[in-house]
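**Student:** For reference, the structure I am asking about is given below.
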Amino acid sequence: MPLSSLQVIAQTPAPTFQEGERAALMTRLWTDLGYAPTTDEAGNVIVRVGPTDGQALVLASHLDTVFPAGTDVTVREHGGRLVGPGIGDNSASLAVLTAFLRELDAARLTRPLWVVANTGEEGLGDLKGAKHLLAQHAPRMGAFVAVDGYLGLAVTRAVGVRRYRVTFTGPGGHSWGDQQPSALHALGLAITALYALHTPTSPRTTLNVGVASGGNSVNSIAATAECLLDLRSLDPEALERLCERAQHAIKGAARQGGVSVRIDQVGDRPGGDLHADDLLRLARAAATVGGLELRTASSSTDANAAAPHHVAAIALGVYTGGNAHREDEWVSPGSLERGLKFLQRFVRLYQDHPIA
């Protein structure tokens with residue numbers, strides 16, 4: 001049962017770039033099931049089963065959560081739900097993968113199958129684990145499936161994402177005794193200018209300043225200030241145009257504010273065509289057998305990493321829940337078994353009808 005491992009996974013902290021403890025747990029869990037997992041240079045935990053010849057179907061769930069070190073990750077039950085930070089995204093998916101391996105009859109596989117617990121999907125992780133896996137092994141992959149998200153949802157189109165750290169620097173000084181420009185003032189000008197930029201609704205394109213900080217005391221002129229900027233679009237050209245306009249707005253704010261600015265790209269999630277049509281067909285067939293309604297969506301997942309390599313990819317959800325990225329995130333315990341059956345049917349169909 002997927003629930004047998006869910007609580008221990010969810011209560012093992014795994015902030016982005018600090019997934020080692022959870023990676024070690026997954027290695028132990030999968031070793032106890034009789035497999036021989038390996039760990040690559042990016043920290044991905046990988047189980048390879050089935051024939052060694054041929055292109056593999058890859059099932060990958062990310063290890064990391066959005067919650068920083070020190071977060072209380074205790075799982076509690078409330079109203080028939082399991083509640084806790086990261087209980088769904090992506091602990092539930094890892095629990096389903098573990099149950100999948102527990103029930104798998106590897107001797108019956110006719111094609112290679114890789115099951116992966118990968119690093120760096122969230123935040124500034126920038127798809128670290130998935131990118132490394134694809135860069136090293138794309139020619140050996142027939143398809144890449146990110147096991148991530150809510151049951152009944154299939155991500156078939158990758159939203160491109162660019163992220164920047166913007167740092168303003170000025171001379172600083174005393175709030176009364178000096179007349180120097182403020183880095184925080186320039187940051188405010190930049191944020192105002194950024195949100196004034198046009199973002200088309202078709203193709204959908206978005207802009208967000210998610211984090212902003214600066215200064216060191218109420219009576220000091222801020223010598224430094226910075227923000228993290230997230231830009232997204234369904235269209236690569238629209239994203240490129242927005243990036244250019246955003247950088248122009250930021251540099252203009254620095255000039256107006258009389259300070260210097262540095263713009264560092266800290267994330268690049270490739271968007272575009274995931275070549276998901278055949279995988280979606282199999283997923284719909286697997287869903288129909290189980291009486292599950294499957295809907296499609298565009299999003300940013302580990303499946304994005306497959307786009308530049310032209311490996312067919314899709315993201316499939318395997319649990320029911322809500323409040324993702326919140327400390328009161330929840331999952332419906334019974335949904336994990338249904339998600340497991342859906343994943344098992346999908347893999348069987350792929351084994352019988354691999355995509356070209």
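So you can find residues: chains in the structure tokens are A, B, ... in the order shown, residues in each start at 1, and ligands are numbered from 1 in order.
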Output as a VMD selection string all residues of segment 14-244 of chain A that backbone DSSP marks as strand (DSSP E or B).

**Tutor:** chain A and resid 15 38 to 39 45 to 49 56 to 62 65 76 to 78 81 to 83 113 to 118 141 to 151 153 to 158 160 to 169 173 to 174 205 to 214 220 to 221 224 to 233

**Student:** Could you name the residues that touch Arg241 of chain A at 12 Å or less, counting only C-alpha atoms, but leaving out those on the same chain fewer than 2 positions away, as a list in words?

**Tutor:** Arg162, Leu197, His198, Thr199, Pro200, Thr205, Leu231, Arg232, Ser233, Asp235, Pro236, Glu237, Ala238, Leu239, Cys243, Glu244, Arg245, Ala246, Gln247 and His248 of chain A

**Student:** Report as a list in words all protein, DNA and RNA residues lying within 8 Å of segment 139-145 of chain A, evaluated on only C-alpha atoms, omitting residues in the same chain fewer than 2 positions from it.

**Tutor:**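 The residues satisfying every condition are Gly54, Gln55, Ala56, Leu57, Val58, Leu59, Ala60, His137, Val147, Ala303, Ala306, Val311, Ala312, Ala313, Ile314, Ala315, Leu316, Pro354 and Ile355 of chain A.
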
**Student:** Can you pull out every residue within 10 Å of segment 330-339 of chain A, counting only C-alpha atoms, but drop anything in the same chain fewer than 4 positions away, and send it as a ChimeraX atom specification?

**Tutor:** /A:1-3,6,75-89,92-93,95-97,99-100,150-152,287,290,292,316-324,326,343-345

**Student:** Return the single residue from A:Gln18, A:Thr192, A:Ser4, A:Thr169 that is closest to Val209 of chain A, with distances computed using only C-alpha atoms.

**Tutor:** A:Thr192

**Student:** To test your reading of the structure, identify every residue in segment 83-168 of chain A that backbone DSSP assigns to helix (DSSP H, G or I), and report it as a VMD selection string.

**Tutor:** chain A and resid 87 to 103 106 to 108 123 to 125 128 to 140

**Student:** Now that the selection is made, can you save its residues with N, CA and C atoms as a JSON list (two decimals), in the first residue's frame?

**Tutor:**
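And here is the file that came out, selection-v2.json:
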```json
[["chain", "number", "residue", "atom", "x", "y", "z"],
["A", 87, "ILE", "N", 3.30, 16.96, 2.08],
["A", 87, "ILE", "CA", 2.68, 15.64, 2.13],
["A", 87, "ILE", "C", 2.25, 15.17, 0.74],
["A", 88, "GLY", "N", 1.87, 16.13, -0.09],
["A", 88, "GLY", "CA", 1.50, 15.77, -1.46],
["A", 88, "GLY", "C", 2.65, 15.97, -2.41],
["A", 89, "ASP", "N", 3.13, 17.21, -2.48],
["A", 89, "ASP", "CA", 4.16, 17.64, -3.45],
["A", 89, "ASP", "C", 5.54, 17.60, -2.80],
["A", 90, "ASN", "N", 6.28, 16.51, -2.89],
["A", 90, "ASN", "CA", 5.96, 15.41, -3.78],
["A", 90, "ASN", "C", 6.07, 14.07, -3.03],
["A", 91, "SER", "N", 5.83, 14.10, -1.71],
["A", 91, "SER", "CA", 5.96, 12.89, -0.91],
["A", 91, "SER", "C", 4.98, 11.81, -1.37],
["A", 92, "ALA", "N", 3.75, 12.21, -1.69],
["A", 92, "ALA", "CA", 2.76, 11.23, -2.11],
["A", 92, "ALA", "C", 3.19, 10.52, -3.39],
["A", 93, "SER", "N", 3.78, 11.25, -4.32],
["A", 93, "SER", "CA", 4.24, 10.63, -5.57],
["A", 93, "SER", "C", 5.37, 9.64, -5.30],
["A", 94, "LEU", "N", 6.29, 10.00, -4.40],
["A", 94, "LEU", "CA", 7.38, 9.08, -4.04],
["A", 94, "LEU", "C", 6.83, 7.83, -3.36],
["A", 95, "ALA", "N", 5.78, 7.99, -2.54],
["A", 95, "ALA", "CA", 5.17, 6.84, -1.90],
["A", 95, "ALA", "C", 4.51, 5.92, -2.92],
["A", 96, "VAL", "N", 3.86, 6.51, -3.93],
["A", 96, "VAL", "CA", 3.24, 5.70, -4.98],
["A", 96, "VAL", "C", 4.31, 4.97, -5.79],
["A", 97, "LEU", "N", 5.41, 5.63, -6.10],
["A", 97, "LEU", "CA", 6.50, 4.96, -6.81],
["A", 97, "LEU", "C", 7.05, 3.79, -6.00],
["A", 98, "THR", "N", 7.16, 3.99, -4.69],
["A", 98, "THR", "CA", 7.66, 2.92, -3.83],
["A", 98, "THR", "C", 6.70, 1.73, -3.84],
["A", 99, "ALA", "N", 5.40, 2.00, -3.75],
["A", 99, "ALA", "CA", 4.41, 0.93, -3.84],
["A", 99, "ALA", "C", 4.44, 0.26, -5.21],
["A", 100, "PHE", "N", 4.66, 1.06, -6.24],
["A", 100, "PHE", "CA", 4.77, 0.51, -7.60],
["A", 100, "PHE", "C", 5.91, -0.51, -7.66],
["A", 101, "LEU", "N", 7.07, -0.15, -7.10],
["A", 101, "LEU", "CA", 8.20, -1.08, -7.10],
["A", 101, "LEU", "C", 7.91, -2.31, -6.25],
["A", 102, "ARG", "N", 7.18, -2.12, -5.15],
["A", 102, "ARG", "CA", 6.87, -3.26, -4.27],
["A", 102, "ARG", "C", 6.03, -4.29, -5.01],
["A", 103, "GLU", "N", 5.11, -3.85, -5.85],
["A", 103, "GLU", "CA", 4.19, -4.77, -6.52],
["A", 103, "GLU", "C", 4.66, -5.17, -7.92],
["A", 106, "ALA", "N", 9.25, -7.57, -12.04],
["A", 106, "ALA", "CA", 10.24, -7.11, -13.02],
["A", 106, "ALA", "C", 10.53, -8.15, -14.07],
["A", 107, "ALA", "N", 10.36, -9.44, -13.74],
["A", 107, "ALA", "CA", 10.67, -10.50, -14.70],
["A", 107, "ALA", "C", 9.73, -10.47, -15.89],
["A", 108, "ARG", "N", 8.58, -9.82, -15.75],
["A", 108, "ARG", "CA", 7.61, -9.79, -16.83],
["A", 108, "ARG", "C", 7.79, -8.59, -17.76],
["A", 123, "GLY", "N", 11.64, 25.55, -6.98],
["A", 123, "GLY", "CA", 12.33, 26.83, -6.82],
["A", 123, "GLY", "C", 13.56, 27.00, -7.69],
["A", 124, "LEU", "N", 14.66, 27.36, -7.03],
["A", 124, "LEU", "CA", 15.90, 27.60, -7.74],
["A", 124, "LEU", "C", 16.67, 26.32, -8.06],
["A", 125, "GLY", "N", 16.05, 25.18, -7.77],
["A", 125, "GLY", "CA", 16.66, 23.91, -8.17],
["A", 125, "GLY", "C", 16.80, 23.80, -9.68],
["A", 128, "LYS", "N", 17.40, 20.51, -11.65],
["A", 128, "LYS", "CA", 18.78, 20.00, -11.62],
["A", 128, "LYS", "C", 18.86, 18.51, -11.92],
["A", 129, "GLY", "N", 18.11, 17.70, -11.19],
["A", 129, "GLY", "CA", 18.21, 16.27, -11.35],
["A", 129, "GLY", "C", 17.72, 15.78, -12.70],
["A", 130, "ALA", "N", 16.56, 16.28, -13.13],
["A", 130, "ALA", "CA", 16.00, 15.86, -14.41],
["A", 130, "ALA", "C", 16.89, 16.30, -15.57],
["A", 131, "LYS", "N", 17.42, 17.52, -15.49],
["A", 131, "LYS", "CA", 18.31, 18.00, -16.55],
["A", 131, "LYS", "C", 19.55, 17.11, -16.66],
["A", 132, "HIS", "N", 20.12, 16.76, -15.51],
["A", 132, "HIS", "CA", 21.31, 15.91, -15.53],
["A", 132, "HIS", "C", 20.98, 14.54, -16.10],
["A", 133, "LEU", "N", 19.86, 13.98, -15.69],
["A", 133, "LEU", "CA", 19.47, 12.65, -16.16],
["A", 133, "LEU", "C", 19.30, 12.66, -17.68],
["A", 134, "LEU", "N", 18.61, 13.68, -18.20],
["A", 134, "LEU", "CA", 18.41, 13.76, -19.66],
["A", 134, "LEU", "C", 19.71, 14.02, -20.39],
["A", 135, "ALA", "N", 20.55, 14.90, -19.83],
["A", 135, "ALA", "CA", 21.82, 15.21, -20.50],
["A", 135, "ALA", "C", 22.70, 13.97, -20.62],
["A", 136, "GLN", "N", 22.65, 13.10, -19.62],
["A", 136, "GLN", "CA", 23.50, 11.91, -19.62],
["A", 136, "GLN", "C", 22.91, 10.75, -20.41],
["A", 137, "HIS", "N", 21.57, 10.64, -20.43],
["A", 137, "HIS", "CA", 20.98, 9.39, -20.90],
["A", 137, "HIS", "C", 19.87, 9.54, -21.93],
["A", 138, "ALA", "N", 19.62, 10.71, -22.46],
["A", 138, "ALA", "CA", 18.49, 10.90, -23.37],
["A", 138, "ALA", "C", 18.43, 9.87, -24.50],
["A", 139, "PRO", "N", 19.55, 9.52, -25.16],
["A", 139, "PRO", "CA", 19.46, 8.54, -26.24],
["A", 139, "PRO", "C", 18.97, 7.17, -25.79],
["A", 140, "ARG", "N", 19.05, 6.89, -24.50],
["A", 140, "ARG", "CA", 18.62, 5.60, -23.97],
["A", 140, "ARG", "C", 17.18, 5.62, -23.48]]
```

**Student:** Just checking: using only C-alpha atoms, which residue out of A:Gly188, A:Pro181, A:Gly160, A:Gly120 ends up closest to Ser298 of chain A?

**Tutor:**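 Distance minimum relative to Ser298 of chain A lands on A:Gly160.
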
**Student:** Please determine, counting only C-alpha atoms, which residue among A:Ala146, A:Gly210, A:Ala254, A:Ala158 has the shortest atom-to-atom distance to Ser182 of chain A.

**Tutor:** A:Ala254

**Student:** Skip Trp176 of chain A itself and residues of its chain fewer than 6 positions away, then list as an mmCIF file with all heavy atoms, in the first residue's frame all residues within 10 Å of it, counting only C-alpha atoms.

**Tutor:**
```cif
data_model
loop_
_atom_site.group_PDB
_atom_site.id
_atom_site.type_symbol
_atom_site.label_atom_id
_atom_site.label_comp_id
_atom_site.auth_asym_id
_atom_site.auth_seq_id
_atom_site.Cartn_x
_atom_site.Cartn_y
_atom_site.Cartn_z
ATOM 1 N N ASN A 219 17.211 53.577 10.035
ATOM 2 C CA ASN A 219 17.855 54.880 9.884
ATOM 3 C C ASN A 219 19.109 54.819 9.020
ATOM 4 O O ASN A 219 20.038 55.609 9.178
ATOM 5 C CB ASN A 219 18.180 55.488 11.263
ATOM 6 C CG ASN A 219 19.090 54.592 12.094
ATOM 7 O OD1 ASN A 219 19.120 53.383 11.882
ATOM 8 N ND2 ASN A 219 19.823 55.189 13.020
ATOM 9 N N SER A 220 19.144 53.860 8.108
ATOM 10 C CA SER A 220 20.237 53.756 7.145
ATOM 11 C C SER A 220 19.687 53.808 5.735
ATOM 12 O O SER A 220 18.645 53.224 5.442
ATOM 13 C CB SER A 220 21.003 52.441 7.328
ATOM 14 O OG SER A 220 21.601 52.360 8.597
ATOM 15 N N ILE A 221 20.396 54.513 4.872
ATOM 16 C CA ILE A 221 20.079 54.471 3.446
ATOM 17 C C ILE A 221 20.545 53.121 2.908
ATOM 18 O O ILE A 221 21.699 52.726 3.121
ATOM 19 C CB ILE A 221 20.772 55.616 2.693
ATOM 20 C CG1 ILE A 221 20.245 56.967 3.206
ATOM 21 C CG2 ILE A 221 20.562 55.498 1.192
ATOM 22 C CD1 ILE A 221 21.019 58.154 2.684
#
```

**Student:** I'd like to know which of A:Gly291, A:Gly170, A:Pro112, A:Gly43 is closest to Leu187 of chain A, using only C-alpha atoms.

**Tutor:**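 Smallest distance to Leu187 of chain A is found for A:Gly170.
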
**Student:** I need the residue nearest Val259 of chain A from this list: A:Phe168, A:Phe342, A:Tyr195, A:Phe67. Use only C-alpha atoms for the distance.

**Tutor:**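 Closest residue, counting only C-alpha atoms: A:Phe168.
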
**Student:** In Å to one decimal, how far is atom CA of Thr167 of chain A from atom CA of Ser213 of chain A?

**Tutor:**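 Atom CA of Thr167 of chain A lies 9.7 Å from atom CA of Ser213 of chain A.
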
**Student:** With distances taken over only C-alpha atoms, which of A:Val8, A:Pro15, A:Thr52, A:Val159 is nearest to Val66 of chain A?

**Tutor:**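 Ranked by minimum distance to Val66 of chain A, first place goes to A:Pro15.
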
**Student:** Would you pick out the contacts of Arg48 of chain A at 8 Å or less, using only C-alpha atoms, so that residues sharing its chain but fewer than 5 positions from it are not included, and give the list as number ranges by chain?

**Tutor:** A: 37, 112-115
